[in-house]
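**Student:** Below you'll find query_25.cif; it's mmCIF, C-alpha atoms.
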data_input
loop_
_atom_site.label_atom_id
_atom_site.label_comp_id
_atom_site.auth_asym_id
_atom_site.auth_seq_id
_atom_site.Cartn_x
_atom_site.Cartn_y
_atom_site.Cartn_z
CA MET X 6 70.20 -35.57 -41.34
CA ASN X 7 68.45 -32.19 -41.62
CA LYS X 8 71.48 -30.74 -43.41
CA LEU X 9 71.39 -33.59 -45.91
CA ILE X 10 67.71 -33.02 -46.67
CA TYR X 11 68.29 -29.27 -46.95
CA MET X 12 71.17 -29.76 -49.39
CA PHE X 13 69.11 -32.21 -51.44
CA LEU X 14 66.23 -29.72 -51.71
CA MET X 15 68.63 -26.93 -52.68
CA CYS X 16 70.15 -29.08 -55.44
CA ILE X 17 66.69 -29.88 -56.81
CA SER X 18 65.66 -26.21 -56.78
CA PHE X 19 68.87 -25.15 -58.60
CA TYR X 20 68.38 -27.94 -61.14
CA THR X 21 64.75 -26.94 -61.74
CA TYR X 22 65.64 -23.25 -62.06
CA ALA X 23 68.43 -24.05 -64.51
CA GLN X 24 65.95 -25.84 -66.74
CA ASN X 25 63.93 -22.66 -67.40
CA ARG X 26 64.58 -19.63 -69.56
CA ASN X 27 63.15 -16.25 -68.57
CA ALA X 28 62.44 -13.10 -70.56
CA ASN X 29 61.47 -9.68 -69.23
CA ILE X 30 58.00 -9.12 -70.70
CA ILE X 31 55.20 -7.04 -69.19
CA ILE X 32 51.69 -7.16 -70.66
CA LEU X 33 49.01 -4.58 -69.90
CA VAL X 34 45.40 -5.08 -70.96
CA ASP X 35 43.34 -1.89 -70.80
CA GLY X 36 45.95 -0.42 -68.46
CA GLU X 37 45.94 -3.40 -66.04
CA ILE X 38 49.13 -5.43 -65.65
CA ILE X 39 48.58 -9.15 -66.19
CA LYS X 40 49.55 -10.80 -62.91
CA TYR X 41 49.72 -14.40 -64.14
CA THR X 42 48.67 -16.22 -67.29
CA TYR X 43 49.64 -19.01 -69.62
CA VAL X 44 51.04 -18.29 -73.07
CA LYS X 45 51.14 -20.29 -76.27
CA ILE X 46 53.74 -19.56 -78.89
CA GLY X 47 52.67 -20.98 -82.24
CA LEU X 48 55.39 -21.94 -84.69
CA GLU X 49 55.21 -22.04 -88.49
CA ASN X 50 55.52 -25.85 -88.41
CA GLY X 51 52.34 -26.11 -86.27
CA GLU X 52 54.13 -26.86 -83.01
CA ILE X 53 52.98 -25.03 -79.86
CA ILE X 54 55.37 -23.91 -77.11
CA LYS X 55 53.75 -23.23 -73.73
CA GLY X 56 54.95 -20.95 -70.96
CA THR X 57 53.77 -18.66 -68.19
CA ILE X 58 53.81 -14.92 -67.68
CA GLN X 59 54.10 -12.95 -64.47
CA PRO X 60 54.87 -9.23 -64.42
CA GLY X 61 58.29 -8.90 -66.02
CA LYS X 62 58.80 -12.62 -66.44
CA LEU X 63 57.96 -14.90 -69.35
CA GLN X 64 59.10 -18.37 -68.35
CA LEU X 65 59.82 -21.12 -70.88
CA LYS X 66 61.51 -24.48 -70.56
CA GLU X 67 65.10 -24.37 -71.78
CA SER X 68 64.36 -27.19 -74.24
CA ASP X 69 61.43 -25.20 -75.67
CA TYR X 70 63.64 -22.14 -76.04
CA LYS X 71 66.10 -24.19 -78.08
CA VAL X 72 63.21 -25.24 -80.36
CA LEU X 73 62.23 -21.56 -80.74
CA GLU X 74 65.77 -20.61 -81.77
CA GLY X 75 65.52 -22.75 -84.88
CA SER X 76 61.92 -21.86 -85.76
CA GLN X 77 59.73 -19.10 -87.09
CA ILE X 78 57.20 -17.72 -84.60
CA LYS X 79 53.72 -17.46 -86.09
CA SER X 80 51.80 -16.19 -83.05
CA PHE X 81 52.00 -15.36 -79.36
CA GLN X 82 48.73 -15.98 -77.50
CA PHE X 83 47.65 -15.35 -73.94
CA THR X 84 44.40 -15.16 -72.01
CA TYR X 85 43.38 -12.35 -69.70
CA SER X 86 40.58 -12.74 -67.18
CA SER X 87 38.85 -9.85 -65.47
CA SER X 88 35.90 -9.56 -63.16
CA CYS X 89 33.50 -6.70 -62.61
CA LYS X 90 30.39 -6.63 -60.45
CA GLY X 91 30.60 -10.35 -59.81
CA GLU X 92 30.86 -11.26 -63.49
CA SER X 93 34.01 -12.82 -64.87
CA GLU X 94 35.21 -12.45 -68.46
CA SER X 95 38.12 -14.16 -70.22
CA LYS X 96 39.53 -13.13 -73.54
CA THR X 97 42.34 -14.58 -75.64
CA TYR X 98 44.71 -12.20 -77.39
CA GLU X 99 47.16 -12.88 -80.17
CA ILE X 100 50.28 -10.88 -80.98
CA ASP X 101 50.98 -11.64 -84.65
CA ASP X 102 54.35 -9.93 -84.98
CA PHE X 103 56.07 -11.33 -81.87
CA LYS X 104 59.80 -11.72 -82.51
CA LEU X 105 62.23 -14.28 -81.08
CA SER X 106 64.72 -11.45 -80.46
CA TRP X 107 62.29 -9.99 -77.89
CA LEU X 108 63.15 -12.84 -75.53
CA ASP X 109 66.70 -11.51 -75.20
CA GLN X 110 65.76 -7.83 -74.77
CA PRO X 111 66.21 -6.08 -71.40
CA TYR X 112 62.45 -5.47 -71.46
CA VAL X 113 59.37 -5.73 -73.66
CA ILE X 114 56.13 -3.95 -72.79
CA ILE X 115 52.96 -4.93 -74.67
CA TYR X 116 49.89 -2.70 -74.37
CA VAL X 117 46.57 -4.28 -75.39
CA TYR X 118 43.47 -2.13 -75.91
CA ASN X 119 39.98 -3.66 -76.12
CA THR X 120 37.97 -1.73 -78.64
CA ASP X 121 34.80 -3.18 -77.09
CA ASN X 122 35.58 -0.85 -74.19
CA ASN X 123 34.12 2.60 -74.95
CA LYS X 124 37.25 4.26 -73.58
CA TYR X 125 39.41 2.67 -76.30
CA LYS X 126 36.74 2.39 -79.02
CA LYS X 127 36.94 6.15 -79.53
CA ILE X 128 40.74 6.12 -79.74
CA TYR X 129 41.79 2.93 -81.58
CA ASN X 130 40.66 0.93 -84.58
CA PRO X 131 40.56 -2.83 -83.90
CA LEU X 132 42.81 -5.19 -85.82
CA PRO X 133 41.02 -6.88 -88.75
CA GLY X 134 38.69 -9.58 -87.42
CA LYS X 135 39.53 -8.77 -83.78
CA SER X 136 38.03 -6.58 -81.07
CA TYR X 137 41.37 -5.26 -79.83
CA THR X 138 44.61 -3.71 -80.92
CA TYR X 139 48.08 -3.48 -79.37
CA ASP X 140 51.27 -1.43 -79.17
CA TYR X 141 54.65 -2.44 -77.84
CA GLU X 142 57.91 -0.99 -76.60
CA ILE X 143 61.36 -2.54 -76.73
CA PRO X 144 64.73 -0.86 -76.12
CA GLY X 145 65.53 1.25 -79.14
CA GLY X 146 62.05 1.13 -80.63
CA THR X 147 58.33 1.48 -80.24
CA MET X 148 55.41 0.36 -82.37
CA LYS X 149 52.35 2.57 -81.94
CA ARG X 150 49.14 2.15 -83.91
CA VAL X 151 47.51 5.08 -85.65
CA GLN X 152 44.86 6.52 -83.34
CA LYS X 153 41.49 8.06 -84.16
CA SER X 154 42.04 10.67 -81.45
CA PHE X 155 44.39 11.57 -78.60
CA THR X 156 43.93 10.50 -74.98
CA LYS X 157 43.68 13.23 -72.31
CA ASP X 158 47.32 12.71 -71.34
CA GLN X 159 48.43 12.93 -74.97
CA LYS X 160 46.44 16.13 -75.44
CA LYS X 161 48.23 17.71 -72.47
CA CYS X 162 51.57 17.06 -74.18
CA GLN X 163 50.38 18.16 -77.64
CA TYR X 164 49.08 21.59 -76.76
CA ASN X 165 50.76 24.48 -75.05
CA ASN X 166 48.54 25.08 -71.99
CA LYS X 167 49.17 28.68 -70.94
#
For this file, produce the structure as C-alpha coordinates.

**Tutor:**
Amino acid sequence: MNKLIYMFLMCISFYTYAQNRNANIIILVDGEIIKYTYVKIGLENGEIIKGTIQPGKLQLKESDYKVLEGSQIKSFQFTYSSSCKGESESKTYEIDDFKLSWLDQPYVIIYVYNTDNNKYKKIYNPLPGKSYTYDYEIPGGTMKRVQKSFTKDQKKCQYNNK
(Lines of atoms letter the chains of each structure in order from A and count residues from 1; the text may use other names and numbers.)
(Lines give C-alpha, C1' and ligand atoms only; values in the text may rest on other atoms or scores of the structure.)
Protein backbone atom coordinates (compact mmCIF):
# COMPACT_ATOMS: atom_id res chain seq x y z
CA MET A 1 0.00 0.00 0.00
CA ASN A 2 2.86 2.39 0.84
CA LYS A 3 4.47 1.70 -2.54
CA LEU A 4 1.21 2.53 -4.29
CA ILE A 5 0.89 5.85 -2.46
CA TYR A 6 4.55 6.65 -3.16
CA MET A 7 4.14 5.92 -6.88
CA PHE A 8 0.97 8.02 -7.00
CA LEU A 9 2.76 10.99 -5.40
CA MET A 10 5.70 10.61 -7.78
CA CYS A 11 3.37 10.63 -10.80
CA ILE A 12 1.66 13.79 -9.54
CA SER A 13 4.99 15.55 -8.95
CA PHE A 14 6.25 14.63 -12.45
CA TYR A 15 2.97 15.79 -13.98
CA THR A 16 3.12 19.10 -12.08
CA TYR A 17 6.76 19.66 -13.01
CA ALA A 18 6.04 18.94 -16.67
CA GLN A 19 3.38 21.65 -16.67
CA ASN A 20 5.91 24.41 -15.94
CA ARG A 21 8.52 26.13 -18.08
CA ASN A 22 11.69 27.49 -16.49
CA ALA A 23 14.17 30.12 -17.62
CA ASN A 24 17.54 30.95 -16.08
CA ILE A 25 17.12 34.56 -14.93
CA ILE A 26 18.89 36.24 -12.02
CA ILE A 27 17.81 39.69 -10.83
CA LEU A 28 19.92 41.89 -8.57
CA VAL A 29 18.53 45.05 -6.99
CA ASP A 30 21.24 47.34 -5.61
CA GLY A 31 23.62 44.38 -5.60
CA GLU A 32 21.25 42.06 -3.68
CA ILE A 33 19.99 38.92 -5.42
CA ILE A 34 16.20 38.62 -5.36
CA LYS A 35 15.47 35.41 -3.46
CA TYR A 36 11.79 35.06 -4.41
CA THR A 37 9.21 37.29 -6.04
CA TYR A 38 6.24 37.25 -8.36
CA VAL A 39 6.50 38.58 -11.90
CA LYS A 40 3.95 39.95 -14.32
CA ILE A 41 4.62 39.89 -18.03
CA GLY A 42 2.37 42.36 -19.81
CA LEU A 43 1.47 41.64 -23.42
CA GLU A 44 0.57 44.11 -26.16
CA ASN A 45 -3.01 42.78 -26.20
CA GLY A 46 -3.43 43.70 -22.49
CA GLU A 47 -3.15 40.14 -21.18
CA ILE A 48 -0.97 39.53 -18.10
CA ILE A 49 1.12 36.38 -17.63
CA LYS A 50 2.14 35.64 -14.03
CA GLY A 51 5.12 33.68 -12.79
CA THR A 52 7.66 33.45 -9.99
CA ILE A 53 11.36 34.13 -9.75
CA GLN A 54 13.95 32.47 -7.56
CA PRO A 55 17.69 32.90 -8.14
CA GLY A 56 18.33 31.49 -11.60
CA LYS A 57 14.77 30.35 -12.14
CA LEU A 58 11.83 32.14 -13.72
CA GLN A 59 8.92 29.72 -13.61
CA LEU A 60 5.91 30.02 -15.91
CA LYS A 61 3.06 27.65 -16.69
CA GLU A 62 3.62 25.81 -19.96
CA SER A 63 0.27 27.11 -21.25
CA ASP A 64 1.32 30.70 -20.47
CA TYR A 65 4.61 30.16 -22.28
CA LYS A 66 2.71 29.06 -25.37
CA VAL A 67 0.68 32.31 -25.17
CA LEU A 68 3.95 34.28 -24.92
CA GLU A 69 5.32 32.60 -28.05
CA GLY A 70 2.59 34.12 -30.17
CA SER A 71 2.58 37.56 -28.51
CA GLN A 72 4.54 40.75 -28.16
CA ILE A 73 5.89 41.43 -24.65
CA LYS A 74 5.17 44.97 -23.51
CA SER A 75 6.64 44.84 -19.99
CA PHE A 76 8.23 42.62 -17.36
CA GLN A 77 7.38 43.68 -13.80
CA PHE A 78 8.50 42.42 -10.42
CA THR A 79 8.45 43.64 -6.84
CA TYR A 80 11.43 43.73 -4.51
CA SER A 81 11.03 44.09 -0.76
CA SER A 82 13.82 45.09 1.58
CA SER A 83 14.00 45.89 5.25
CA CYS A 84 16.40 48.09 7.15
CA LYS A 85 16.31 49.04 10.82
CA GLY A 86 12.90 47.46 11.27
CA GLU A 87 11.33 49.31 8.35
CA SER A 88 10.15 47.44 5.29
CA GLU A 89 10.01 48.89 1.78
CA SER A 90 8.57 47.39 -1.40
CA LYS A 91 9.16 48.72 -4.87
CA THR A 92 7.88 47.57 -8.25
CA TYR A 93 10.26 47.59 -11.19
CA GLU A 94 9.51 47.35 -14.88
CA ILE A 95 11.87 46.13 -17.59
CA ASP A 96 10.53 47.69 -20.79
CA ASP A 97 12.75 45.91 -23.30
CA PHE A 98 12.36 42.32 -22.04
CA LYS A 99 12.58 39.89 -24.96
CA LEU A 100 10.87 36.51 -25.39
CA SER A 101 14.19 35.09 -26.63
CA TRP A 102 15.65 35.67 -23.15
CA LEU A 103 13.55 32.77 -21.85
CA ASP A 104 15.58 30.35 -23.96
CA GLN A 105 19.02 31.79 -23.13
CA PRO A 106 21.47 29.84 -20.93
CA TYR A 107 21.32 32.79 -18.53
CA VAL A 108 20.04 36.35 -18.17
CA ILE A 109 21.31 38.66 -15.43
CA ILE A 110 19.38 41.88 -14.75
CA TYR A 111 20.99 44.56 -12.57
CA VAL A 112 18.63 47.18 -11.13
CA TYR A 113 20.00 50.37 -9.54
CA ASN A 114 17.82 52.62 -7.38
CA THR A 115 18.78 56.20 -8.02
CA ASP A 116 17.09 57.15 -4.73
CA ASN A 117 20.06 55.42 -3.12
CA ASN A 118 22.95 57.91 -2.84
CA LYS A 119 25.41 55.23 -3.90
CA TYR A 120 23.75 54.91 -7.32
CA LYS A 121 22.42 58.48 -7.62
CA LYS A 122 25.97 59.69 -8.24
CA ILE A 123 26.62 57.04 -10.89
CA TYR A 124 23.38 56.54 -12.88
CA ASN A 125 20.64 58.67 -14.34
CA PRO A 126 17.14 57.29 -13.66
CA LEU A 127 14.92 56.18 -16.51
CA PRO A 128 12.36 58.85 -17.51
CA GLY A 129 9.59 58.97 -14.90
CA LYS A 130 11.27 56.31 -12.72
CA SER A 131 13.64 56.32 -9.75
CA TYR A 132 15.79 53.48 -11.05
CA THR A 133 17.68 52.22 -14.04
CA TYR A 134 18.88 48.78 -15.14
CA ASP A 135 21.50 46.89 -17.14
CA TYR A 136 21.45 43.31 -18.32
CA GLU A 137 23.72 40.56 -19.57
CA ILE A 138 22.86 37.69 -21.88
CA PRO A 139 25.24 35.31 -23.67
CA GLY A 140 26.81 37.19 -26.54
CA GLY A 141 25.72 40.64 -25.38
CA THR A 142 25.43 43.20 -22.66
CA MET A 143 23.36 46.36 -22.32
CA LYS A 144 24.98 48.94 -20.05
CA ARG A 145 23.57 52.40 -19.42
CA VAL A 146 25.72 55.48 -19.75
CA GLN A 147 27.07 56.38 -16.32
CA LYS A 148 27.73 59.78 -14.78
CA SER A 149 30.90 58.41 -13.17
CA PHE A 150 32.79 55.17 -12.57
CA THR A 151 32.41 52.95 -9.51
CA LYS A 152 35.52 52.22 -7.41
CA ASP A 153 35.91 48.81 -9.05
CA GLN A 154 35.59 50.33 -12.52
CA LYS A 155 38.19 52.97 -11.67
CA LYS A 156 40.66 50.24 -10.64
CA CYS A 157 40.33 48.69 -14.10
CA GLN A 158 40.46 52.02 -15.96
CA TYR A 159 43.68 53.37 -14.55
CA ASN A 160 47.12 51.88 -14.44
CA ASN A 161 47.89 51.76 -10.70
CA LYS A 162 51.69 51.64 -10.42

**Student:** I'd like to see the residues matched by the PyMOL selection byres ((chain X and resi 117) around 8) on this file, and ideally I'd get them as a ChimeraX atom specification.

**Tutor:** /X:32-36,115-116,118-119,137-140

**Student:** Using only C-alpha atoms, which of X:Leu63, X:Ile46, X:Ile31, X:Gly134 sits nearest X:Ile100?

**Tutor:**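 Of the candidates, the smallest distance to X:Ile100 is held by X:Ile46.
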
**Student:** Which residue, X:Gln110, X:Arg150, X:Ala28, X:Glu99, has the smallest gap to X:Ser80 when you use only C-alpha atoms?

**Tutor:**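 Using only C-alpha atoms, X:Ser80 sits closest to X:Glu99.
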
**Student:** Under the rule that all atoms listed in the file are counted, which of X:Gln59, X:Ser93, X:Thr147, X:Ser88 is the nearest residue to X:Asn27?

**Tutor:**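 Nearest candidate to X:Asn27 out of X:Gln59, X:Ser93, X:Thr147, X:Ser88: X:Gln59.
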
**Student:** For the structure provided, state which residues fall under the PyMOL selection byres ((chain X and resi 54) around 12), and present them as number ranges by chain.

**Tutor:** X: 43-53, 55-57, 64-74, 76-83

**Student:** What's the separation between atom CA of X:Pro131 and atom CA of X:Met148, in Å to one decimal place?

**Tutor:**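 Between these atoms lies a distance of 15.3 Å.
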
**Student:** So how far away is atom CA of X:Lys124 from atom CA of X:Pro60, in Å?

**Tutor:**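 Those two atoms sit 24.0 Å apart.
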
**Student:** Which residue is closest to X:Tyr41? Choose from X:Lys62, X:Tyr98, X:Cys89, X:Lys126 and count all atoms listed in the file.

**Tutor:**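 That would be X:Lys62, the residue with the smallest distance to X:Tyr41.
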
**Student:** For this structure, which residues satisfy the selection - the PyMOL selection byres ((chain X and resi 144) around 8) - when it is evaluated on the file as given? I want them as a list in words.

**Tutor:**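 Applying the PyMOL selection byres ((chain X and resi 144) around 8) to the structure shown produces Gln110, Pro111, Tyr112, Val113, Glu142, Ile143, Gly145, Gly146 and Thr147 of chain X.
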
**Student:** Could you tell me how far atom CA of X:Ser87 lies from atom CA of X:Ile38, in Å and to one decimal?

**Tutor:**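 It comes out at 11.2 Å.
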
**Student:** Could you tell me which of X:Lys104, X:Lys149, X:Lys90, X:Lys96 comes closest to X:Lys135 if we count all atoms listed in the file?

**Tutor:**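 Of X:Lys104, X:Lys149, X:Lys90, X:Lys96, the one nearest X:Lys135 is X:Lys96, counting all atoms listed in the file.
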
**Student:** Pick the closest to X:Asp109 from X:Gln24, X:Asn29, X:Tyr85, X:Asn130: which is it, counting all atoms listed in the file?

**Tutor:**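 Of X:Gln24, X:Asn29, X:Tyr85, X:Asn130, the one nearest X:Asp109, counting all atoms listed in the file, is X:Asn29.
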
**Student:** Could the centre and edge lengths of an axis-aligned box, enclosing all atoms of stretch 25-39 of chain X in the file with 3 Å extra on each side, be given in Å to one decimal as JSON?

**Tutor:**
{"center_x": 54.0, "center_y": -11.5, "center_z": -68.3, "size_x": 27.2, "size_y": 28.2, "size_z": 11.3}
